[in-house]
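K.L.:
Got a structure for you, written out below as structure tokens; questions coming shortly.
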Amino acid sequence: MHDDKKIIVALDYDNIDSALKFIESIDPSLCRIKIGKELFTKYGPNIINCIHERGFEIFLDLKFHDIPTTVYKACVSAFSLNIWMLNIHLSGGYDMASSAMKAKKDCQSDSKLIGVTALTSLSDNDCIKIYGCKRLEQLKRLRDIGLDANIDGFVCSPHDINTLEANTKIFVTPGIRIKNNAHDHYKVLTPVEALQLGSTYLVIGRSITESLNPSEELKGIYQSL
Ligand code: C5P
């Protein structure tokens, strides 16, 4: 899947003023914006409208996980906001993932619906405790649920792309670093390394939002590719 606009900036601010100040400093031709639980819980669709008005496409990162009917209704609400991308937890199972896809169809939405596989924060031990199998096995199980429900792609570590063996799908990958600061990520990769492993879109937060010149930082990443 080819798309030159490969960067999704994670807008992880706790207030709308800081978020919009950052938005004013960058150009929508360079990136899309990820809105997560923190801003959406506080400001709701208003934050989506404010960012749409400034010309950006939005990935609404709410990682829905509930009974199929509830997820169907939540997805219908989300798609009505004209977002570019939405995600669900694949550990909600096949019926839940299919319900999310049905919502997309019923809304005649062009949004991309992607599934979170095993969270990158989960270790083998965590997966054994939660799912009764190691992380790799759990990744494959969730991949199969996503493929059966025909979702558009996966959120995963770039290291997991090969294991997922789904090369027609979109891969959205966090844990990207430009300089030598891993923050709270266990493993980090540069944009070039992540793309070489098969990432379609790179989710980058603090490396851009904490930069003194976010616009130059974005342009520098594209030059490095
Ligand atoms: O600042 P940083 O680049 O680490 O931001 C990463 C973003 O990616 C955060 O918004 C975080 O919630 C998100 N993330 C994710 N899935 C993961 C790991 C991080 O969506 N497995």
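Residue numbering restarts at 1 in every chain; chains get A, B, ... in the order shown in the structure tokens, and ligands count up from 1 in that same order.
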For ligand 1, return the neighbouring residues as a PyMOL selection string (distance at most 6 Å; only C-alpha atoms and all ligand atoms).

P.N.:
chain A and resi 10+12+119-120+174-176+203-206

K.L.:
Once DSSP has gone over the backbone, tell me which residues of stretch 66-177 of chain A are in strand (DSSP E or B), as a short mmCIF file (atom, residue, chain, number, x, y, z; two decimals) with all heavy atoms, in the first residue's frame.

P.N.:
data_model
loop_
_atom_site.label_atom_id
_atom_site.label_comp_id
_atom_site.auth_asym_id
_atom_site.auth_seq_id
_atom_site.Cartn_x
_atom_site.Cartn_y
_atom_site.Cartn_z
N MET A 85 -8.97 7.09 10.17
CA MET A 85 -8.63 5.75 10.66
C MET A 85 -9.20 5.55 12.06
O MET A 85 -9.28 6.50 12.85
CB MET A 85 -7.10 5.59 10.67
CG MET A 85 -6.58 4.25 11.12
SD MET A 85 -4.76 4.18 11.05
CE MET A 85 -4.48 3.67 9.36
N LEU A 86 -9.59 4.29 12.35
CA LEU A 86 -10.14 3.92 13.67
C LEU A 86 -9.55 2.57 14.05
O LEU A 86 -9.22 1.77 13.17
CB LEU A 86 -11.67 3.82 13.55
CG LEU A 86 -12.45 3.43 14.80
CD1 LEU A 86 -12.40 4.57 15.84
CD2 LEU A 86 -13.92 3.13 14.46
N ASN A 87 -9.46 2.30 15.35
CA ASN A 87 -8.94 0.97 15.72
C ASN A 87 -9.79 0.27 16.78
O ASN A 87 -10.57 0.89 17.50
CB ASN A 87 -7.46 1.04 16.13
CG ASN A 87 -7.22 1.95 17.31
OD1 ASN A 87 -8.13 2.51 17.88
ND2 ASN A 87 -5.95 2.10 17.67
N ILE A 88 -9.62 -1.04 16.80
CA ILE A 88 -10.30 -1.91 17.78
C ILE A 88 -9.25 -2.88 18.33
O ILE A 88 -8.20 -3.06 17.72
CB ILE A 88 -11.44 -2.73 17.12
CG1 ILE A 88 -10.88 -3.55 15.93
CG2 ILE A 88 -12.58 -1.83 16.68
CD1 ILE A 88 -11.85 -4.56 15.36
N HIS A 89 -9.57 -3.50 19.47
CA HIS A 89 -8.71 -4.57 20.00
C HIS A 89 -9.14 -5.89 19.38
O HIS A 89 -10.30 -6.30 19.56
CB HIS A 89 -8.86 -4.67 21.52
CG HIS A 89 -7.85 -3.90 22.28
ND1 HIS A 89 -6.52 -4.22 22.28
CD2 HIS A 89 -7.98 -2.81 23.08
CE1 HIS A 89 -5.86 -3.36 23.05
NE2 HIS A 89 -6.72 -2.49 23.53
N LYS A 112 -10.21 3.77 7.48
CA LYS A 112 -9.52 2.48 7.61
C LYS A 112 -9.78 1.94 9.02
O LYS A 112 -9.65 2.67 9.99
CB LYS A 112 -8.02 2.69 7.41
CG LYS A 112 -7.72 3.15 5.99
CD LYS A 112 -6.32 3.67 5.86
CE LYS A 112 -6.14 4.60 4.68
NZ LYS A 112 -6.92 4.32 3.50
N LEU A 113 -10.18 0.67 9.09
CA LEU A 113 -10.40 0.04 10.39
C LEU A 113 -9.25 -0.92 10.66
O LEU A 113 -9.06 -1.88 9.90
CB LEU A 113 -11.73 -0.71 10.41
CG LEU A 113 -12.01 -1.34 11.77
CD1 LEU A 113 -12.46 -0.29 12.78
CD2 LEU A 113 -13.04 -2.44 11.68
N ILE A 114 -8.51 -0.67 11.71
CA ILE A 114 -7.35 -1.51 11.98
C ILE A 114 -7.45 -2.14 13.36
O ILE A 114 -8.16 -1.64 14.23
CB ILE A 114 -6.03 -0.73 11.81
CG1 ILE A 114 -6.00 0.48 12.71
CG2 ILE A 114 -5.82 -0.30 10.36
CD1 ILE A 114 -4.64 1.13 12.73
N GLY A 115 -6.73 -3.24 13.55
CA GLY A 115 -6.85 -4.01 14.79
C GLY A 115 -5.55 -4.03 15.57
O GLY A 115 -4.48 -4.23 15.00
N VAL A 116 -5.67 -3.83 16.87
CA VAL A 116 -4.50 -3.95 17.75
C VAL A 116 -4.28 -5.43 18.01
O VAL A 116 -5.20 -6.15 18.40
CB VAL A 116 -4.75 -3.22 19.10
CG1 VAL A 116 -3.55 -3.35 20.01
CG2 VAL A 116 -5.12 -1.77 18.86
N GLY A 153 -6.08 -3.50 8.46
CA GLY A 153 -4.68 -3.58 8.85
C GLY A 153 -4.50 -3.78 10.34
O GLY A 153 -5.47 -4.03 11.07
N PHE A 154 -3.26 -3.66 10.78
CA PHE A 154 -2.90 -3.97 12.17
C PHE A 154 -2.08 -2.85 12.80
O PHE A 154 -1.29 -2.21 12.12
CB PHE A 154 -2.06 -5.25 12.21
CG PHE A 154 -2.78 -6.46 11.68
CD1 PHE A 154 -2.59 -6.88 10.36
CD2 PHE A 154 -3.64 -7.18 12.49
CE1 PHE A 154 -3.26 -8.00 9.86
CE2 PHE A 154 -4.31 -8.30 11.99
CZ PHE A 154 -4.12 -8.71 10.68
N VAL A 155 -2.26 -2.68 14.11
CA VAL A 155 -1.33 -1.86 14.89
C VAL A 155 -0.39 -2.83 15.56
O VAL A 155 -0.83 -3.76 16.25
CB VAL A 155 -2.03 -1.08 16.04
CG1 VAL A 155 -1.05 -0.14 16.70
CG2 VAL A 155 -3.24 -0.35 15.55
N ILE A 170 -2.46 -2.99 5.95
CA ILE A 170 -1.78 -1.79 6.45
C ILE A 170 -1.12 -2.14 7.79
O ILE A 170 -1.73 -2.82 8.62
CB ILE A 170 -2.83 -0.68 6.69
CG1 ILE A 170 -3.45 -0.23 5.37
CG2 ILE A 170 -2.24 0.49 7.45
CD1 ILE A 170 -4.69 0.64 5.59
N PHE A 171 0.10 -1.65 7.99
CA PHE A 171 0.75 -1.82 9.30
C PHE A 171 1.05 -0.45 9.89
O PHE A 171 1.81 0.33 9.32
CB PHE A 171 2.04 -2.63 9.16
CG PHE A 171 1.80 -4.05 8.79
CD1 PHE A 171 2.01 -4.49 7.50
CD2 PHE A 171 1.33 -4.95 9.73
CE1 PHE A 171 1.75 -5.81 7.14
CE2 PHE A 171 1.06 -6.27 9.39
CZ PHE A 171 1.27 -6.69 8.09
N VAL A 172 0.43 -0.19 11.03
CA VAL A 172 0.63 1.07 11.74
C VAL A 172 1.52 0.77 12.93
O VAL A 172 1.17 -0.06 13.78
CB VAL A 172 -0.72 1.64 12.20
CG1 VAL A 172 -0.53 2.93 12.99
CG2 VAL A 172 -1.63 1.89 11.00
N THR A 173 2.69 1.43 12.98
CA THR A 173 3.67 1.03 13.99
C THR A 173 4.13 2.18 14.88
O THR A 173 4.68 3.16 14.40
CB THR A 173 4.90 0.39 13.32
OG1 THR A 173 5.48 1.34 12.43
CG2 THR A 173 4.53 -0.85 12.55
N ILE A 176 8.72 4.55 17.44
CA ILE A 176 9.70 5.08 16.49
C ILE A 176 10.47 6.22 17.16
O ILE A 176 9.88 7.08 17.80
CB ILE A 176 8.99 5.63 15.22
CG1 ILE A 176 7.99 4.62 14.66
CG2 ILE A 176 10.00 6.08 14.18
CD1 ILE A 176 8.59 3.35 14.12
#

K.L.:
Compile the contact shell of A:Met101 as an mmCIF file with N, CA and C atoms, in the first residue's frame: residues with an atom at most 8 Å away, counting only C-alpha atoms, same-chain residues fewer than 5 positions apart removed.

P.N.:
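Result went into around07.cif, see below:
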data_model
loop_
_atom_site.group_PDB
_atom_site.id
_atom_site.type_symbol
_atom_site.label_atom_id
_atom_site.label_comp_id
_atom_site.auth_asym_id
_atom_site.auth_seq_id
_atom_site.Cartn_x
_atom_site.Cartn_y
_atom_site.Cartn_z
ATOM 1 N N LEU A 113 -10.180 0.670 9.091
ATOM 2 C CA LEU A 113 -10.403 0.041 10.393
ATOM 3 C C LEU A 113 -9.253 -0.924 10.655
ATOM 4 N N ALA A 149 -12.008 -11.407 9.706
ATOM 5 C CA ALA A 149 -12.995 -10.309 9.707
ATOM 6 C C ALA A 149 -12.707 -9.309 8.585
ATOM 7 N N ASN A 150 -11.600 -9.522 7.888
ATOM 8 C CA ASN A 150 -11.211 -8.661 6.755
ATOM 9 C C ASN A 150 -11.028 -7.191 7.129
ATOM 10 N N ILE A 151 -10.397 -6.976 8.290
ATOM 11 C CA ILE A 151 -10.064 -5.592 8.656
ATOM 12 C C ILE A 151 -8.968 -5.069 7.724
#

K.L.:
Please, what distance in Å, to one decimal, runs between atom CA of A:Thr117 and atom CA of A:Phe59?

P.N.:
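Calculated distance between atom CA of A:Thr117 and atom CA of A:Phe59 is 17.0 Å.
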
K.L.:
What parts of stretch 28-143 of chain A does DSSP call helix (DSSP H, G or I)? I'd like the answer as number ranges by chain.

P.N.:
A: 37-43, 45-53, 68-79, 90-92, 94-106, 124-131, 135-143

K.L.:
To one decimal in Å, tell me the separation between atom CA of A:Tyr72 and atom CA of A:Asp152.

P.N.:
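Distance between the two atoms: 16.3 Å.
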
K.L.:
Using only C-alpha atoms, determine which residues lie at most 8 Å from stretch 134-140 of chain A, disregarding the query and same-chain residues fewer than 2 positions distant; provide the list as a PyMOL selection string.

P.N.:
chain A and resi 117-118+122-125+127-128+131-132+142-144+163-164

K.L.:
Save out the residues we just selected, N, CA, C and O atoms, as an mmCIF file, in the first residue's frame.

P.N.:
data_model
loop_
_atom_site.group_PDB
_atom_site.id
_atom_site.type_symbol
_atom_site.label_atom_id
_atom_site.label_comp_id
_atom_site.auth_asym_id
_atom_site.auth_seq_id
_atom_site.Cartn_x
_atom_site.Cartn_y
_atom_site.Cartn_z
ATOM 1 N N THR A 117 -3.065 -5.892 17.763
ATOM 2 C CA THR A 117 -2.736 -7.299 18.057
ATOM 3 C C THR A 117 -2.316 -7.362 19.530
ATOM 4 O O THR A 117 -2.976 -6.775 20.367
ATOM 5 N N ALA A 118 -1.241 -8.063 19.831
ATOM 6 C CA ALA A 118 -0.775 -8.081 21.222
ATOM 7 C C ALA A 118 -0.126 -6.732 21.504
ATOM 8 O O ALA A 118 0.746 -6.297 20.747
ATOM 9 N N LEU A 122 3.133 -5.979 26.347
ATOM 10 C CA LEU A 122 2.945 -7.304 26.950
ATOM 11 C C LEU A 122 4.145 -8.216 26.691
ATOM 12 O O LEU A 122 4.607 -8.364 25.561
ATOM 13 N N SER A 123 4.614 -8.852 27.752
ATOM 14 C CA SER A 123 5.723 -9.808 27.652
ATOM 15 C C SER A 123 5.147 -11.214 27.445
ATOM 16 O O SER A 123 3.928 -11.422 27.520
ATOM 17 N N ASP A 124 6.031 -12.189 27.240
ATOM 18 C CA ASP A 124 5.599 -13.588 27.165
ATOM 19 C C ASP A 124 4.834 -13.984 28.430
ATOM 20 O O ASP A 124 3.781 -14.621 28.366
ATOM 21 N N ASN A 125 5.377 -13.578 29.588
ATOM 22 C CA ASN A 125 4.733 -13.933 30.858
ATOM 23 C C ASN A 125 3.336 -13.331 30.971
ATOM 24 O O ASN A 125 2.398 -13.986 31.417
ATOM 25 N N CYS A 127 1.349 -12.571 28.483
ATOM 26 C CA CYS A 127 0.455 -13.279 27.552
ATOM 27 C C CYS A 127 0.070 -14.650 28.093
ATOM 28 O O CYS A 127 -1.080 -15.075 27.939
ATOM 29 N N ILE A 128 1.023 -15.314 28.743
ATOM 30 C CA ILE A 128 0.690 -16.626 29.313
ATOM 31 C C ILE A 128 -0.381 -16.458 30.390
ATOM 32 O O ILE A 128 -1.362 -17.200 30.450
ATOM 33 N N TYR A 131 -3.690 -14.981 28.259
ATOM 34 C CA TYR A 131 -4.236 -15.754 27.136
ATOM 35 C C TYR A 131 -3.852 -17.242 27.167
ATOM 36 O O TYR A 131 -4.323 -18.013 26.332
ATOM 37 N N GLY A 132 -2.926 -17.601 28.057
ATOM 38 C CA GLY A 132 -2.506 -19.007 28.119
ATOM 39 C C GLY A 132 -1.542 -19.410 27.026
ATOM 40 O O GLY A 132 -1.380 -20.602 26.742
ATOM 41 N N LEU A 142 -4.455 -13.496 16.943
ATOM 42 C CA LEU A 142 -5.140 -12.221 16.700
ATOM 43 C C LEU A 142 -5.056 -11.848 15.228
ATOM 44 O O LEU A 142 -5.999 -11.285 14.658
ATOM 45 N N ARG A 143 -3.936 -12.173 14.600
ATOM 46 C CA ARG A 143 -3.811 -11.946 13.152
ATOM 47 C C ARG A 143 -4.922 -12.683 12.420
ATOM 48 O O ARG A 143 -5.589 -12.139 11.539
ATOM 49 N N ASP A 144 -5.169 -13.945 12.810
ATOM 50 C CA ASP A 144 -6.190 -14.745 12.123
ATOM 51 C C ASP A 144 -7.583 -14.142 12.305
ATOM 52 O O ASP A 144 -8.400 -14.135 11.373
ATOM 53 N N THR A 163 6.040 -11.694 11.398
ATOM 54 C CA THR A 163 5.249 -12.778 11.998
ATOM 55 C C THR A 163 3.800 -12.724 11.541
ATOM 56 O O THR A 163 3.144 -13.744 11.390
ATOM 57 N N LEU A 164 3.296 -11.518 11.320
ATOM 58 C CA LEU A 164 1.878 -11.396 10.977
ATOM 59 C C LEU A 164 1.583 -11.903 9.559
ATOM 60 O O LEU A 164 0.442 -12.271 9.259
#

K.L.:
From the set A:Asp17, A:Asp27, A:Glu217, A:Asp148, which residue has the shortest atom-to-atom contact distance to A:Glu57, counting only C-alpha atoms?

P.N.:
A:Asp27
